[in-house]
Amino acid sequence: IGFEKKQFMVDQSQLIRSIITAMDVAVSMSRGGKMQTKKTSEERKSGDIDALYFIAATRIFAEWRAVRLVPIGFKRYAAGLSLAYRDVMQNLSKLEDGVHDFLRSQGAANEQKDLCPTLREVVQSESDRLLHPSLPRLTERSAASGLLWTKRQLHYQMSIFHNTLRVPEDFETTKDGASAAYVEVFGDYHGWALKQLFSHSLGGSPPLETILAQMIPEDDSEGNGLYSEKRLGTYGGGLVGASEQ
């Protein structure tokens with residue numbers, strides 16, 4: 001809401017334009033082949049984000065992380081990010097299912113209805129339908145649960161980036177920074193087994209210089225080589241087609 005697409009696209013590279021176009025196609029497919037844009041509003045509240053575009057953008061983030069933050073040769077680290085990738089995809093699948101439930105409950109097959117629910121509207125609809133009888137525990141297969149765990153993954157990655165920039169002033173190594181981010185975000189929610197798995201993975205964290213080189217390779221500033229169909233797969237089959245992998 002409030003995003004001026006035409007203005008944004010003017011100064012973007014062909015790669016970014018292709019990504020935005022792919023998002024438009026995927027979102028249209030998820031809406032049943034209908035193209036519709038959420039009306040902009042000067043008044044914005046938390047959660048006033050087009051839910052399906054949030055899903056599309058977050059999936060691109062998950063794909064990017066799986067490629068740009070996994071240098072070759074760091075298998076333990078790659079295993080942890082692979083687990084995180086599957087977690088994001090599964091939770092985006094729950095969120096997308098929740099959006100479709102919302103559209104059905106609103107009778108949105110009618111072309112006059114709003115096909116662009118926000119995250120706020122989808123989660124509020126679940127609450128209104130008493131989908132979560134055991135609050136504060138959320139129903140596992142729900143949009144609210146999917147959104148909660150997706151936000152935690154985004155929070156986790158942002159904390160890693162933040163802590164990485166504090167090496168070596170506040171953290172001796174990237175491993176220390178990543179471990180602190182994990183404790184901050186997931187420490188209170190993961191059981192013993194998951195904590196051991198992440199600890200093992202983070203123990204194989206690459207040095208900062210290696211991560212930076214992987215994020216922006218000198219010979220691939222536009223990302224054309226790494227963002228290939230072979231590495232990322234295709235975006236067909238809906239917004240979260242990779243969630244079943």
# chains A, B, ... in the order shown; residues from 1 in each chain; ligands from 1
$ select_by_dssp --residues "range 44-224 of chain A" --states "alpha helix (DSSP H)" --output "MDAnalysis selection string"
chainID A and resid 51:68 75:105 119:128 143:164 174:186 192:202 208:215
$ write_last_selection --atoms "C-alpha atoms" --output "tab-separated table (two decimals), in the first residue's frame"
chain	number	residue	atom	x	y	z
A	51	ALA	CA	-0.48	-10.17	1.57
A	52	LEU	CA	0.26	-11.89	-1.74
A	53	TYR	CA	2.98	-9.42	-2.69
A	54	PHE	CA	4.52	-9.90	0.75
A	55	ILE	CA	4.62	-13.65	0.05
A	56	ALA	CA	6.18	-13.11	-3.38
A	57	ALA	CA	8.84	-10.70	-2.08
A	58	THR	CA	9.71	-12.96	0.85
A	59	ARG	CA	10.09	-15.95	-1.40
A	60	ILE	CA	12.60	-14.00	-3.50
A	61	PHE	CA	14.45	-13.16	-0.29
A	62	ALA	CA	14.56	-16.86	0.65
A	63	GLU	CA	15.86	-17.80	-2.81
A	64	TRP	CA	18.44	-15.01	-2.67
A	65	ARG	CA	19.66	-16.11	0.75
A	66	ALA	CA	20.01	-19.72	-0.40
A	67	VAL	CA	22.31	-18.56	-3.23
A	68	ARG	CA	24.11	-15.43	-2.08
A	75	LYS	CA	28.57	-27.62	4.03
A	76	ARG	CA	27.60	-27.25	7.68
A	77	TYR	CA	26.57	-23.65	7.15
A	78	ALA	CA	24.72	-24.59	3.95
A	79	ALA	CA	22.77	-27.28	5.82
A	80	GLY	CA	21.48	-24.73	8.32
A	81	LEU	CA	20.39	-22.28	5.62
A	82	SER	CA	18.75	-25.12	3.71
A	83	LEU	CA	16.66	-25.86	6.79
A	84	ALA	CA	15.83	-22.16	7.11
A	85	TYR	CA	14.82	-22.06	3.43
A	86	ARG	CA	12.38	-24.95	3.87
A	87	ASP	CA	11.00	-23.30	7.00
A	88	VAL	CA	10.28	-20.06	5.15
A	89	MET	CA	8.63	-21.88	2.24
A	90	GLN	CA	6.41	-23.97	4.49
A	91	ASN	CA	5.29	-20.93	6.44
A	92	LEU	CA	4.65	-18.89	3.30
A	93	SER	CA	2.50	-21.79	2.10
A	94	LYS	CA	0.42	-21.54	5.28
A	95	LEU	CA	0.10	-17.79	4.78
A	96	GLU	CA	-0.97	-18.13	1.15
A	97	ASP	CA	-3.55	-20.76	2.08
A	98	GLY	CA	-4.87	-18.30	4.67
A	99	VAL	CA	-5.19	-15.60	2.00
A	100	HIS	CA	-7.21	-17.97	-0.20
A	101	ASP	CA	-9.43	-18.89	2.77
A	102	PHE	CA	-10.02	-15.18	3.34
A	103	LEU	CA	-10.98	-14.62	-0.30
A	104	ARG	CA	-13.40	-17.54	-0.21
A	105	SER	CA	-14.95	-16.33	3.04
A	119	LEU	CA	-1.76	-9.08	6.09
A	120	ARG	CA	-3.80	-7.26	8.72
A	121	GLU	CA	-7.11	-8.22	7.08
A	122	VAL	CA	-6.16	-11.88	6.69
A	123	VAL	CA	-5.01	-12.28	10.30
A	124	GLN	CA	-8.00	-10.31	11.63
A	125	SER	CA	-10.34	-12.55	9.63
A	126	GLU	CA	-8.89	-15.64	11.31
A	127	SER	CA	-9.43	-14.04	14.70
A	128	ASP	CA	-13.02	-13.09	13.82
A	143	ALA	CA	-1.96	-17.63	8.21
A	144	ALA	CA	-1.13	-16.07	11.57
A	145	SER	CA	1.26	-18.91	12.41
A	146	GLY	CA	2.86	-18.73	8.97
A	147	LEU	CA	3.29	-14.96	9.25
A	148	LEU	CA	4.73	-15.18	12.77
A	149	TRP	CA	7.45	-17.66	11.84
A	150	THR	CA	8.19	-15.89	8.55
A	151	LYS	CA	8.71	-12.63	10.45
A	152	ARG	CA	11.04	-14.43	12.83
A	153	GLN	CA	13.14	-15.64	9.90
A	154	LEU	CA	13.34	-12.08	8.55
A	155	HIS	CA	14.21	-10.77	12.01
A	156	TYR	CA	16.89	-13.46	12.33
A	157	GLN	CA	18.52	-12.52	9.02
A	158	MET	CA	18.42	-8.79	9.77
A	159	SER	CA	20.04	-9.46	13.16
A	160	ILE	CA	22.77	-11.50	11.48
A	161	PHE	CA	23.49	-8.64	9.07
A	162	HIS	CA	23.53	-6.16	11.94
A	163	ASN	CA	25.85	-8.30	14.05
A	164	THR	CA	28.14	-9.02	11.09
A	174	THR	CA	30.84	-13.93	12.13
A	175	LYS	CA	29.98	-17.17	13.95
A	176	ASP	CA	29.69	-15.27	17.24
A	177	GLY	CA	27.47	-12.66	15.61
A	178	ALA	CA	25.22	-15.27	13.99
A	179	SER	CA	24.98	-17.24	17.22
A	180	ALA	CA	23.91	-14.12	19.11
A	181	ALA	CA	21.25	-13.44	16.46
A	182	TYR	CA	19.95	-17.00	16.80
A	183	VAL	CA	19.65	-16.72	20.58
A	184	GLU	CA	17.93	-13.33	20.26
A	185	VAL	CA	15.25	-14.56	17.84
A	186	PHE	CA	14.81	-18.31	18.35
A	192	TRP	CA	16.95	-29.00	22.21
A	193	ALA	CA	17.26	-30.82	18.86
A	194	LEU	CA	16.85	-27.69	16.73
A	195	LYS	CA	19.23	-25.74	18.94
A	196	GLN	CA	21.89	-28.43	18.47
A	197	LEU	CA	21.36	-28.44	14.71
A	198	PHE	CA	21.72	-24.67	14.43
A	199	SER	CA	24.73	-24.67	16.74
A	200	HIS	CA	26.44	-27.25	14.51
A	201	SER	CA	25.59	-25.24	11.39
A	202	LEU	CA	26.74	-21.89	12.79
A	208	LEU	CA	33.04	-12.14	6.65
A	209	GLU	CA	35.19	-11.59	3.54
A	210	THR	CA	33.94	-14.86	2.01
A	211	ILE	CA	30.31	-13.97	2.61
A	212	LEU	CA	30.74	-10.52	1.06
A	213	ALA	CA	32.47	-12.00	-1.99
A	214	GLN	CA	29.58	-14.45	-2.42
A	215	MET	CA	26.96	-11.72	-2.05
$ decode --residues "range 172-194 of chain A" --atoms "N, CA and C atoms" --output "compact mmCIF listing (two decimals), in the first residue's frame"
# COMPACT_ATOMS: atom_id res chain seq x y z
N GLU A 172 33.80 -11.31 17.92
CA GLU A 172 35.11 -11.68 17.42
C GLU A 172 35.04 -12.25 16.01
N THR A 173 34.01 -13.05 15.74
CA THR A 173 33.87 -13.69 14.42
C THR A 173 32.43 -13.58 13.95
N THR A 174 32.21 -13.89 12.66
CA THR A 174 30.84 -13.93 12.13
C THR A 174 30.03 -15.02 12.82
N LYS A 175 30.68 -16.10 13.23
CA LYS A 175 29.98 -17.17 13.95
C LYS A 175 29.40 -16.63 15.25
N ASP A 176 30.18 -15.84 15.98
CA ASP A 176 29.69 -15.27 17.24
C ASP A 176 28.49 -14.35 17.00
N GLY A 177 28.57 -13.56 15.93
CA GLY A 177 27.47 -12.66 15.61
C GLY A 177 26.21 -13.41 15.23
N ALA A 178 26.37 -14.47 14.41
CA ALA A 178 25.22 -15.27 13.99
C ALA A 178 24.62 -16.02 15.17
N SER A 179 25.46 -16.52 16.04
CA SER A 179 24.98 -17.24 17.22
C SER A 179 24.17 -16.32 18.13
N ALA A 180 24.63 -15.09 18.29
CA ALA A 180 23.91 -14.12 19.11
C ALA A 180 22.55 -13.80 18.48
N ALA A 181 22.51 -13.70 17.15
CA ALA A 181 21.25 -13.44 16.46
C ALA A 181 20.28 -14.60 16.65
N TYR A 182 20.80 -15.82 16.61
CA TYR A 182 19.95 -17.00 16.80
C TYR A 182 19.33 -17.00 18.20
N VAL A 183 20.15 -16.74 19.21
CA VAL A 183 19.65 -16.72 20.58
C VAL A 183 18.60 -15.63 20.75
N GLU A 184 18.85 -14.47 20.15
CA GLU A 184 17.93 -13.33 20.26
C GLU A 184 16.55 -13.67 19.70
N VAL A 185 16.52 -14.34 18.54
CA VAL A 185 15.25 -14.56 17.84
C VAL A 185 14.60 -15.90 18.20
N PHE A 186 15.39 -16.97 18.21
CA PHE A 186 14.81 -18.31 18.35
C PHE A 186 15.09 -18.99 19.70
N GLY A 187 15.92 -18.37 20.52
CA GLY A 187 16.35 -19.02 21.75
C GLY A 187 15.22 -19.49 22.65
N ASP A 188 14.12 -18.76 22.67
CA ASP A 188 13.00 -19.10 23.56
C ASP A 188 11.98 -20.03 22.91
N TYR A 189 12.18 -20.36 21.62
CA TYR A 189 11.13 -21.08 20.90
C TYR A 189 11.57 -22.44 20.35
N HIS A 190 12.85 -22.65 20.15
CA HIS A 190 13.32 -23.92 19.61
C HIS A 190 13.63 -24.90 20.73
N GLY A 191 13.36 -26.19 20.46
CA GLY A 191 13.69 -27.24 21.40
C GLY A 191 15.16 -27.63 21.31
N TRP A 192 15.54 -28.60 22.12
CA TRP A 192 16.95 -29.00 22.21
C TRP A 192 17.50 -29.45 20.86
N ALA A 193 16.75 -30.26 20.12
CA ALA A 193 17.26 -30.82 18.86
C ALA A 193 17.56 -29.73 17.85
N LEU A 194 16.63 -28.78 17.68
CA LEU A 194 16.85 -27.69 16.73
C LEU A 194 18.00 -26.80 17.16
